[in-house]
file run.tsv (TSV, N, CA and C atoms)
chain	number	residue	atom	x	y	z
A	1	MET	N	5.43	10.89	-10.68
A	1	MET	CA	5.38	10.18	-9.43
A	1	MET	C	6.62	10.55	-8.62
A	2	SER	N	6.44	10.83	-7.37
A	2	SER	CA	7.57	11.16	-6.52
A	2	SER	C	8.19	9.91	-5.92
A	3	ILE	N	9.41	10.05	-5.48
A	3	ILE	CA	10.14	8.93	-4.90
A	3	ILE	C	10.21	9.13	-3.40
A	4	ILE	N	9.94	8.06	-2.65
A	4	ILE	CA	10.03	8.12	-1.20
A	4	ILE	C	11.27	7.37	-0.77
A	5	ASP	N	12.07	8.00	0.05
A	5	ASP	CA	13.26	7.36	0.59
A	5	ASP	C	12.84	6.42	1.71
A	6	ALA	N	12.83	5.12	1.42
A	6	ALA	CA	12.37	4.13	2.40
A	6	ALA	C	13.31	4.02	3.59
A	7	SER	N	14.50	4.57	3.48
A	7	SER	CA	15.43	4.52	4.60
A	7	SER	C	15.17	5.65	5.60
A	8	ASN	N	14.22	6.50	5.30
A	8	ASN	CA	13.84	7.59	6.19
A	8	ASN	C	13.27	6.99	7.48
A	9	ARG	N	13.81	7.36	8.61
A	9	ARG	CA	13.41	6.78	9.91
A	9	ARG	C	11.93	6.99	10.21
A	10	GLU	N	11.41	8.15	9.87
A	10	GLU	CA	10.00	8.42	10.12
A	10	GLU	C	9.12	7.50	9.28
A	11	HIS	N	9.50	7.30	8.03
A	11	HIS	CA	8.74	6.41	7.15
A	11	HIS	C	8.83	4.97	7.66
A	12	GLU	N	10.02	4.55	8.06
A	12	GLU	CA	10.20	3.19	8.60
A	12	GLU	C	9.34	2.99	9.85
A	13	ALA	N	9.30	3.99	10.71
A	13	ALA	CA	8.51	3.90	11.94
A	13	ALA	C	7.02	3.79	11.62
A	14	SER	N	6.56	4.54	10.62
A	14	SER	CA	5.15	4.48	10.21
A	14	SER	C	4.80	3.09	9.69
A	15	ILE	N	5.70	2.52	8.91
A	15	ILE	CA	5.48	1.18	8.37
A	15	ILE	C	5.41	0.16	9.49
A	16	LEU	N	6.37	0.20	10.39
A	16	LEU	CA	6.41	-0.76	11.49
A	16	LEU	C	5.19	-0.63	12.40
A	17	LEU	N	4.77	0.59	12.66
A	17	LEU	CA	3.58	0.82	13.48
A	17	LEU	C	2.34	0.22	12.82
A	18	LEU	N	2.17	0.46	11.53
A	18	LEU	CA	1.02	-0.09	10.81
A	18	LEU	C	1.07	-1.61	10.78
A	19	ALA	N	2.24	-2.17	10.53
A	19	ALA	CA	2.39	-3.63	10.49
A	19	ALA	C	2.00	-4.24	11.83
A	20	THR	N	2.46	-3.64	12.90
A	20	THR	CA	2.17	-4.14	14.24
A	20	THR	C	0.69	-3.98	14.57
A	21	ARG	N	0.15	-2.82	14.28
A	21	ARG	CA	-1.25	-2.51	14.60
A	21	ARG	C	-2.22	-3.42	13.85
A	22	MET	N	-1.90	-3.75	12.59
A	22	MET	CA	-2.84	-4.50	11.76
A	22	MET	C	-2.44	-5.96	11.55
A	23	GLY	N	-1.32	-6.37	12.12
A	23	GLY	CA	-0.89	-7.75	11.96
A	23	GLY	C	-0.45	-8.07	10.54
A	24	LEU	N	0.21	-7.11	9.90
A	24	LEU	CA	0.66	-7.27	8.52
A	24	LEU	C	2.15	-7.53	8.47
A	25	THR	N	2.62	-8.03	7.34
A	25	THR	CA	4.06	-8.12	7.13
A	25	THR	C	4.58	-6.70	6.92
A	26	TYR	N	5.87	-6.53	7.12
A	26	TYR	CA	6.50	-5.23	6.90
A	26	TYR	C	6.30	-4.80	5.45
A	27	TYR	N	6.42	-5.76	4.52
A	27	TYR	CA	6.26	-5.44	3.10
A	27	TYR	C	4.85	-4.94	2.79
A	28	ASP	N	3.82	-5.65	3.28
A	28	ASP	CA	2.45	-5.22	3.03
A	28	ASP	C	2.19	-3.85	3.64
A	29	ALA	N	2.67	-3.65	4.86
A	29	ALA	CA	2.49	-2.35	5.51
A	29	ALA	C	3.22	-1.25	4.74
A	30	SER	N	4.35	-1.58	4.12
A	30	SER	CA	5.08	-0.57	3.34
A	30	SER	C	4.29	-0.15	2.11
A	31	TYR	N	3.61	-1.11	1.47
A	31	TYR	CA	2.77	-0.76	0.31
A	31	TYR	C	1.66	0.19	0.73
A	32	LEU	N	1.00	-0.13	1.84
A	32	LEU	CA	-0.11	0.71	2.31
A	32	LEU	C	0.38	2.09	2.76
A	33	THR	N	1.46	2.12	3.49
A	33	THR	CA	2.00	3.40	3.97
A	33	THR	C	2.43	4.29	2.81
A	34	THR	N	3.05	3.69	1.82
A	34	THR	CA	3.49	4.46	0.65
A	34	THR	C	2.30	4.97	-0.15
A	35	ALA	N	1.30	4.12	-0.37
A	35	ALA	CA	0.10	4.56	-1.09
A	35	ALA	C	-0.58	5.70	-0.35
A	36	GLU	N	-0.65	5.58	0.96
A	36	GLU	CA	-1.27	6.63	1.77
A	36	GLU	C	-0.48	7.93	1.67
A	37	LYS	N	0.83	7.83	1.77
A	37	LYS	CA	1.68	9.03	1.71
A	37	LYS	C	1.59	9.72	0.35
A	38	LEU	N	1.49	8.92	-0.72
A	38	LEU	CA	1.41	9.48	-2.07
A	38	LEU	C	-0.01	9.83	-2.49
A	39	LYS	N	-0.98	9.50	-1.63
A	39	LYS	CA	-2.40	9.66	-1.96
A	39	LYS	C	-2.71	8.95	-3.29
A	40	ALA	N	-2.21	7.72	-3.37
A	40	ALA	CA	-2.34	6.92	-4.60
A	40	ALA	C	-3.20	5.69	-4.35
A	41	ASN	N	-3.74	5.16	-5.42
A	41	ASN	CA	-4.44	3.88	-5.34
A	41	ASN	C	-3.42	2.76	-5.25
A	42	LEU	N	-3.82	1.67	-4.62
A	42	LEU	CA	-2.98	0.49	-4.53
A	42	LEU	C	-3.51	-0.55	-5.50
A	43	ILE	N	-2.63	-1.14	-6.28
A	43	ILE	CA	-3.03	-2.20	-7.21
A	43	ILE	C	-2.46	-3.50	-6.69
A	44	THR	N	-3.36	-4.44	-6.36
A	44	THR	CA	-2.95	-5.73	-5.84
A	44	THR	C	-4.05	-6.76	-6.07
A	45	ASP	N	-3.66	-8.02	-6.10
A	45	ASP	CA	-4.62	-9.11	-6.16
A	45	ASP	C	-4.61	-9.91	-4.87
A	46	ASP	N	-3.93	-9.40	-3.86
A	46	ASP	CA	-3.81	-10.05	-2.56
A	46	ASP	C	-5.03	-9.70	-1.71
A	47	ASP	N	-5.88	-10.70	-1.45
A	47	ASP	CA	-7.13	-10.45	-0.72
A	47	ASP	C	-6.91	-9.86	0.67
A	48	ALA	N	-5.91	-10.35	1.38
A	48	ALA	CA	-5.63	-9.83	2.73
A	48	ALA	C	-5.20	-8.37	2.67
A	49	LEU	N	-4.41	-8.03	1.67
A	49	LEU	CA	-3.96	-6.65	1.52
A	49	LEU	C	-5.12	-5.74	1.12
A	50	ILE	N	-6.02	-6.25	0.30
A	50	ILE	CA	-7.21	-5.48	-0.08
A	50	ILE	C	-8.06	-5.19	1.16
A	51	LYS	N	-8.27	-6.20	2.00
A	51	LYS	CA	-9.06	-6.00	3.22
A	51	LYS	C	-8.40	-4.98	4.14
A	52	ALA	N	-7.09	-5.08	4.29
A	52	ALA	CA	-6.36	-4.14	5.14
A	52	ALA	C	-6.47	-2.72	4.59
A	53	SER	N	-6.36	-2.58	3.28
A	53	SER	CA	-6.44	-1.24	2.68
A	53	SER	C	-7.83	-0.63	2.88
A	54	MET	N	-8.85	-1.47	2.80
A	54	MET	CA	-10.21	-0.98	3.02
A	54	MET	C	-10.39	-0.50	4.46
A	55	ARG	N	-9.74	-1.17	5.40
A	55	ARG	CA	-9.86	-0.80	6.82
A	55	ARG	C	-9.27	0.58	7.09
A	56	ILE	N	-8.29	0.99	6.31
A	56	ILE	CA	-7.68	2.30	6.55
A	56	ILE	C	-8.01	3.32	5.46
A	57	GLY	N	-8.92	2.95	4.56
A	57	GLY	CA	-9.43	3.91	3.59
A	57	GLY	C	-8.58	4.17	2.36
A	58	ILE	N	-7.77	3.20	1.97
A	58	ILE	CA	-6.98	3.34	0.75
A	58	ILE	C	-7.70	2.63	-0.38
A	59	LYS	N	-7.94	3.34	-1.46
A	59	LYS	CA	-8.62	2.75	-2.61
A	59	LYS	C	-7.70	1.72	-3.26
A	60	THR	N	-8.26	0.55	-3.53
A	60	THR	CA	-7.48	-0.55	-4.09
A	60	THR	C	-8.16	-1.08	-5.34
A	61	LEU	N	-7.35	-1.37	-6.33
A	61	LEU	CA	-7.83	-1.96	-7.57
A	61	LEU	C	-7.15	-3.31	-7.77
A	62	ARG	N	-7.87	-4.23	-8.37
A	62	ARG	CA	-7.27	-5.50	-8.77
A	62	ARG	C	-6.66	-5.31	-10.16
A	63	SER	N	-5.69	-6.14	-10.48
A	63	SER	CA	-5.01	-6.00	-11.78
A	63	SER	C	-5.99	-6.14	-12.94
A	64	ARG	N	-7.01	-6.96	-12.78
A	64	ARG	CA	-7.98	-7.14	-13.86
A	64	ARG	C	-8.80	-5.87	-14.13
A	65	ASP	N	-8.80	-4.95	-13.18
A	65	ASP	CA	-9.55	-3.70	-13.33
A	65	ASP	C	-8.76	-2.60	-14.02
A	66	ILE	N	-7.50	-2.88	-14.36
A	66	ILE	CA	-6.65	-1.90	-15.01
A	66	ILE	C	-6.75	-2.10	-16.52
A	67	PRO	N	-7.20	-1.09	-17.25
A	67	PRO	CA	-7.29	-1.25	-18.71
A	67	PRO	C	-5.90	-1.38	-19.33
A	68	ILE	N	-5.76	-2.34	-20.19
A	68	ILE	CA	-4.49	-2.58	-20.87
A	68	ILE	C	-4.68	-2.34	-22.35
A	69	LYS	N	-3.83	-1.49	-22.92
A	69	LYS	CA	-3.90	-1.22	-24.35
A	69	LYS	C	-3.10	-2.27	-25.10
A	70	SER	N	-3.66	-2.75	-26.17
A	70	SER	CA	-2.89	-3.66	-27.02
A	70	SER	C	-2.67	-2.99	-28.37
A	71	ASN	N	-1.56	-3.30	-28.99
A	71	ASN	CA	-1.22	-2.66	-30.27
A	71	ASN	C	-1.88	-3.35	-31.42

call {"tool": "encode", "arguments": {"input": "run.tsv", "output": "structure tokens"}}
result
Amino acid sequence: MSIIDASNREHEASILLLATRMGLTYYDASYLTTAEKLKANLITDDDALIKASMRIGIKTLRSRDIPIKSN
């Protein structure tokens, strides 16, 4: 997994634009922007965040959908 420098001005601007456009918190928009940039799935149980991710085409999984190995 690569690391994204959140202090990058371009990344910050993308987050703020998405937050404003979709009426999201900066934090929620940062999760979506980062998932989009990494071409990664988003794992969340937040219904509003799931709806927002669907609107912009980011695949989202709920925590219950993640297989957990037990020893």

call {"tool": "select_by_dssp", "arguments": {"input": "run.tsv", "residues": "chain A", "states": "strand (DSSP E)", "output": "VMD selection string"}}
result
chain A and resid 42 to 43 60 to 61

call {"tool": "closest_residue", "arguments": {"input": "run.tsv", "among": "A:Ala40, A:Ile68, A:Leu32, A:Leu16", "to": "Met54 (chain A)", "atoms": "only C-alpha atoms"}}
result
A:Leu32

call {"tool": "closest_residue", "arguments": {"input": "run.tsv", "among": "A:Lys59, A:Asp28, A:Asn71, A:Thr33", "to": "Ser14 (chain A)", "atoms": "only N, CA and C atoms"}}
result
A:Thr33

call {"tool": "atom_distance", "arguments": {"input": "run.tsv", "atom1": "CA of Ala35 (chain A)", "atom2": "CA of Ile58 (chain A)"}}
result
7.4 Å

call {"tool": "closest_residue", "arguments": {"input": "run.tsv", "among": "A:Arg62, A:Lys69, A:Arg55, A:Arg9", "to": "Asn41 (chain A)", "atoms": "only C-alpha atoms"}}
result
A:Arg62

call {"tool": "closest_residue", "arguments": {"input": "run.tsv", "among": "A:Leu61, A:Ala29, A:Ile56, A:Leu38", "to": "Ile15 (chain A)", "atoms": "only C-alpha atoms"}}
result
A:Ala29

call {"tool": "atom_distance", "arguments": {"input": "run.tsv", "atom1": "atom N of Ile43 (chain A)", "atom2": "atom N of Thr60 (chain A)"}}
result
6.5 Å

call {"tool": "closest_residue", "arguments": {"input": "run.tsv", "among": "A:Ser63, A:Leu17, A:Glu10, A:Met22", "to": "Asp46 (chain A)", "atoms": "only C-alpha atoms"}}
result
A:Ser63

call {"tool": "select_by_dssp", "arguments": {"input": "run.tsv", "residues": "chain A", "states": "alpha helix (DSSP H)", "output": "mmCIF file with N, CA and C atoms, in the frame of the given file"}}
result
data_model
loop_
_atom_site.group_PDB
_atom_site.id
_atom_site.type_symbol
_atom_site.label_atom_id
_atom_site.label_comp_id
_atom_site.auth_asym_id
_atom_site.auth_seq_id
_atom_site.Cartn_x
_atom_site.Cartn_y
_atom_site.Cartn_z
ATOM 1 N N ARG A 9 13.810 7.360 8.610
ATOM 2 C CA ARG A 9 13.410 6.780 9.910
ATOM 3 C C ARG A 9 11.930 6.990 10.210
ATOM 4 N N GLU A 10 11.410 8.150 9.870
ATOM 5 C CA GLU A 10 10.000 8.420 10.120
ATOM 6 C C GLU A 10 9.120 7.500 9.280
ATOM 7 N N HIS A 11 9.500 7.300 8.030
ATOM 8 C CA HIS A 11 8.740 6.410 7.150
ATOM 9 C C HIS A 11 8.830 4.970 7.660
ATOM 10 N N GLU A 12 10.020 4.550 8.060
ATOM 11 C CA GLU A 12 10.200 3.190 8.600
ATOM 12 C C GLU A 12 9.340 2.990 9.850
ATOM 13 N N ALA A 13 9.300 3.990 10.710
ATOM 14 C CA ALA A 13 8.510 3.900 11.940
ATOM 15 C C ALA A 13 7.020 3.790 11.620
ATOM 16 N N SER A 14 6.560 4.540 10.620
ATOM 17 C CA SER A 14 5.150 4.480 10.210
ATOM 18 C C SER A 14 4.800 3.090 9.690
ATOM 19 N N ILE A 15 5.700 2.520 8.910
ATOM 20 C CA ILE A 15 5.480 1.180 8.370
ATOM 21 C C ILE A 15 5.410 0.160 9.490
ATOM 22 N N LEU A 16 6.370 0.200 10.390
ATOM 23 C CA LEU A 16 6.410 -0.760 11.490
ATOM 24 C C LEU A 16 5.190 -0.630 12.400
ATOM 25 N N LEU A 17 4.770 0.590 12.660
ATOM 26 C CA LEU A 17 3.580 0.820 13.480
ATOM 27 C C LEU A 17 2.340 0.220 12.820
ATOM 28 N N LEU A 18 2.170 0.460 11.530
ATOM 29 C CA LEU A 18 1.020 -0.090 10.810
ATOM 30 C C LEU A 18 1.070 -1.610 10.780
ATOM 31 N N ALA A 19 2.240 -2.170 10.530
ATOM 32 C CA ALA A 19 2.390 -3.630 10.490
ATOM 33 C C ALA A 19 2.000 -4.240 11.830
ATOM 34 N N THR A 20 2.460 -3.640 12.900
ATOM 35 C CA THR A 20 2.170 -4.140 14.240
ATOM 36 C C THR A 20 0.690 -3.980 14.570
ATOM 37 N N ARG A 21 0.150 -2.820 14.280
ATOM 38 C CA ARG A 21 -1.250 -2.510 14.600
ATOM 39 C C ARG A 21 -2.220 -3.420 13.850
ATOM 40 N N MET A 22 -1.900 -3.750 12.590
ATOM 41 C CA MET A 22 -2.840 -4.500 11.760
ATOM 42 C C MET A 22 -2.440 -5.960 11.550
ATOM 43 N N TYR A 26 5.870 -6.530 7.120
ATOM 44 C CA TYR A 26 6.500 -5.230 6.900
ATOM 45 C C TYR A 26 6.300 -4.800 5.450
ATOM 46 N N TYR A 27 6.420 -5.760 4.520
ATOM 47 C CA TYR A 27 6.260 -5.440 3.100
ATOM 48 C C TYR A 27 4.850 -4.940 2.790
ATOM 49 N N ASP A 28 3.820 -5.650 3.280
ATOM 50 C CA ASP A 28 2.450 -5.220 3.030
ATOM 51 C C ASP A 28 2.190 -3.850 3.640
ATOM 52 N N ALA A 29 2.670 -3.650 4.860
ATOM 53 C CA ALA A 29 2.490 -2.350 5.510
ATOM 54 C C ALA A 29 3.220 -1.250 4.740
ATOM 55 N N SER A 30 4.350 -1.580 4.120
ATOM 56 C CA SER A 30 5.080 -0.570 3.340
ATOM 57 C C SER A 30 4.290 -0.150 2.110
ATOM 58 N N TYR A 31 3.610 -1.110 1.470
ATOM 59 C CA TYR A 31 2.770 -0.760 0.310
ATOM 60 C C TYR A 31 1.660 0.190 0.730
ATOM 61 N N LEU A 32 1.000 -0.130 1.840
ATOM 62 C CA LEU A 32 -0.110 0.710 2.310
ATOM 63 C C LEU A 32 0.380 2.090 2.760
ATOM 64 N N THR A 33 1.460 2.120 3.490
ATOM 65 C CA THR A 33 2.000 3.400 3.970
ATOM 66 C C THR A 33 2.430 4.290 2.810
ATOM 67 N N THR A 34 3.050 3.690 1.820
ATOM 68 C CA THR A 34 3.490 4.460 0.650
ATOM 69 C C THR A 34 2.300 4.970 -0.150
ATOM 70 N N ALA A 35 1.300 4.120 -0.370
ATOM 71 C CA ALA A 35 0.100 4.560 -1.090
ATOM 72 C C ALA A 35 -0.580 5.700 -0.350
ATOM 73 N N GLU A 36 -0.650 5.580 0.960
ATOM 74 C CA GLU A 36 -1.270 6.630 1.770
ATOM 75 C C GLU A 36 -0.480 7.930 1.670
ATOM 76 N N LYS A 37 0.830 7.830 1.770
ATOM 77 C CA LYS A 37 1.680 9.030 1.710
ATOM 78 C C LYS A 37 1.590 9.720 0.350
ATOM 79 N N LEU A 38 1.490 8.920 -0.720
ATOM 80 C CA LEU A 38 1.410 9.480 -2.070
ATOM 81 C C LEU A 38 -0.010 9.830 -2.490
ATOM 82 N N ASP A 47 -5.880 -10.700 -1.450
ATOM 83 C CA ASP A 47 -7.130 -10.450 -0.720
ATOM 84 C C ASP A 47 -6.910 -9.860 0.670
ATOM 85 N N ALA A 48 -5.910 -10.350 1.380
ATOM 86 C CA ALA A 48 -5.630 -9.830 2.730
ATOM 87 C C ALA A 48 -5.200 -8.370 2.670
ATOM 88 N N LEU A 49 -4.410 -8.030 1.670
ATOM 89 C CA LEU A 49 -3.960 -6.650 1.520
ATOM 90 C C LEU A 49 -5.120 -5.740 1.120
ATOM 91 N N ILE A 50 -6.020 -6.250 0.300
ATOM 92 C CA ILE A 50 -7.210 -5.480 -0.080
ATOM 93 C C ILE A 50 -8.060 -5.190 1.160
ATOM 94 N N LYS A 51 -8.270 -6.200 2.000
ATOM 95 C CA LYS A 51 -9.060 -6.000 3.220
ATOM 96 C C LYS A 51 -8.400 -4.980 4.140
ATOM 97 N N ALA A 52 -7.090 -5.080 4.290
ATOM 98 C CA ALA A 52 -6.360 -4.140 5.140
ATOM 99 C C ALA A 52 -6.470 -2.720 4.590
ATOM 100 N N SER A 53 -6.360 -2.580 3.280
ATOM 101 C CA SER A 53 -6.440 -1.240 2.680
ATOM 102 C C SER A 53 -7.830 -0.630 2.880
ATOM 103 N N MET A 54 -8.850 -1.470 2.800
ATOM 104 C CA MET A 54 -10.210 -0.980 3.020
ATOM 105 C C MET A 54 -10.390 -0.500 4.460
ATOM 106 N N ARG A 55 -9.740 -1.170 5.400
ATOM 107 C CA ARG A 55 -9.860 -0.800 6.820
ATOM 108 C C ARG A 55 -9.270 0.580 7.090
ATOM 109 N N ILE A 56 -8.290 0.990 6.310
ATOM 110 C CA ILE A 56 -7.680 2.300 6.550
ATOM 111 C C ILE A 56 -8.010 3.320 5.460
#

call {"tool": "atom_distance", "arguments": {"input": "run.tsv", "atom1": "CA of Asn8 (chain A)", "atom2": "CA of Lys39 (chain A)"}}
result
18.3 Å

call {"tool": "axis_aligned_box", "arguments": {"input": "run.tsv", "around": "region 19-22 of chain A", "padding_each_side": "6 Å", "output": "lines of an AutoDock Vina configuration file"}}
result
center_x = -0.2
center_y = -4.1
center_z = 12.5
size_x = 17.3
size_y = 15.8
size_z = 16.1
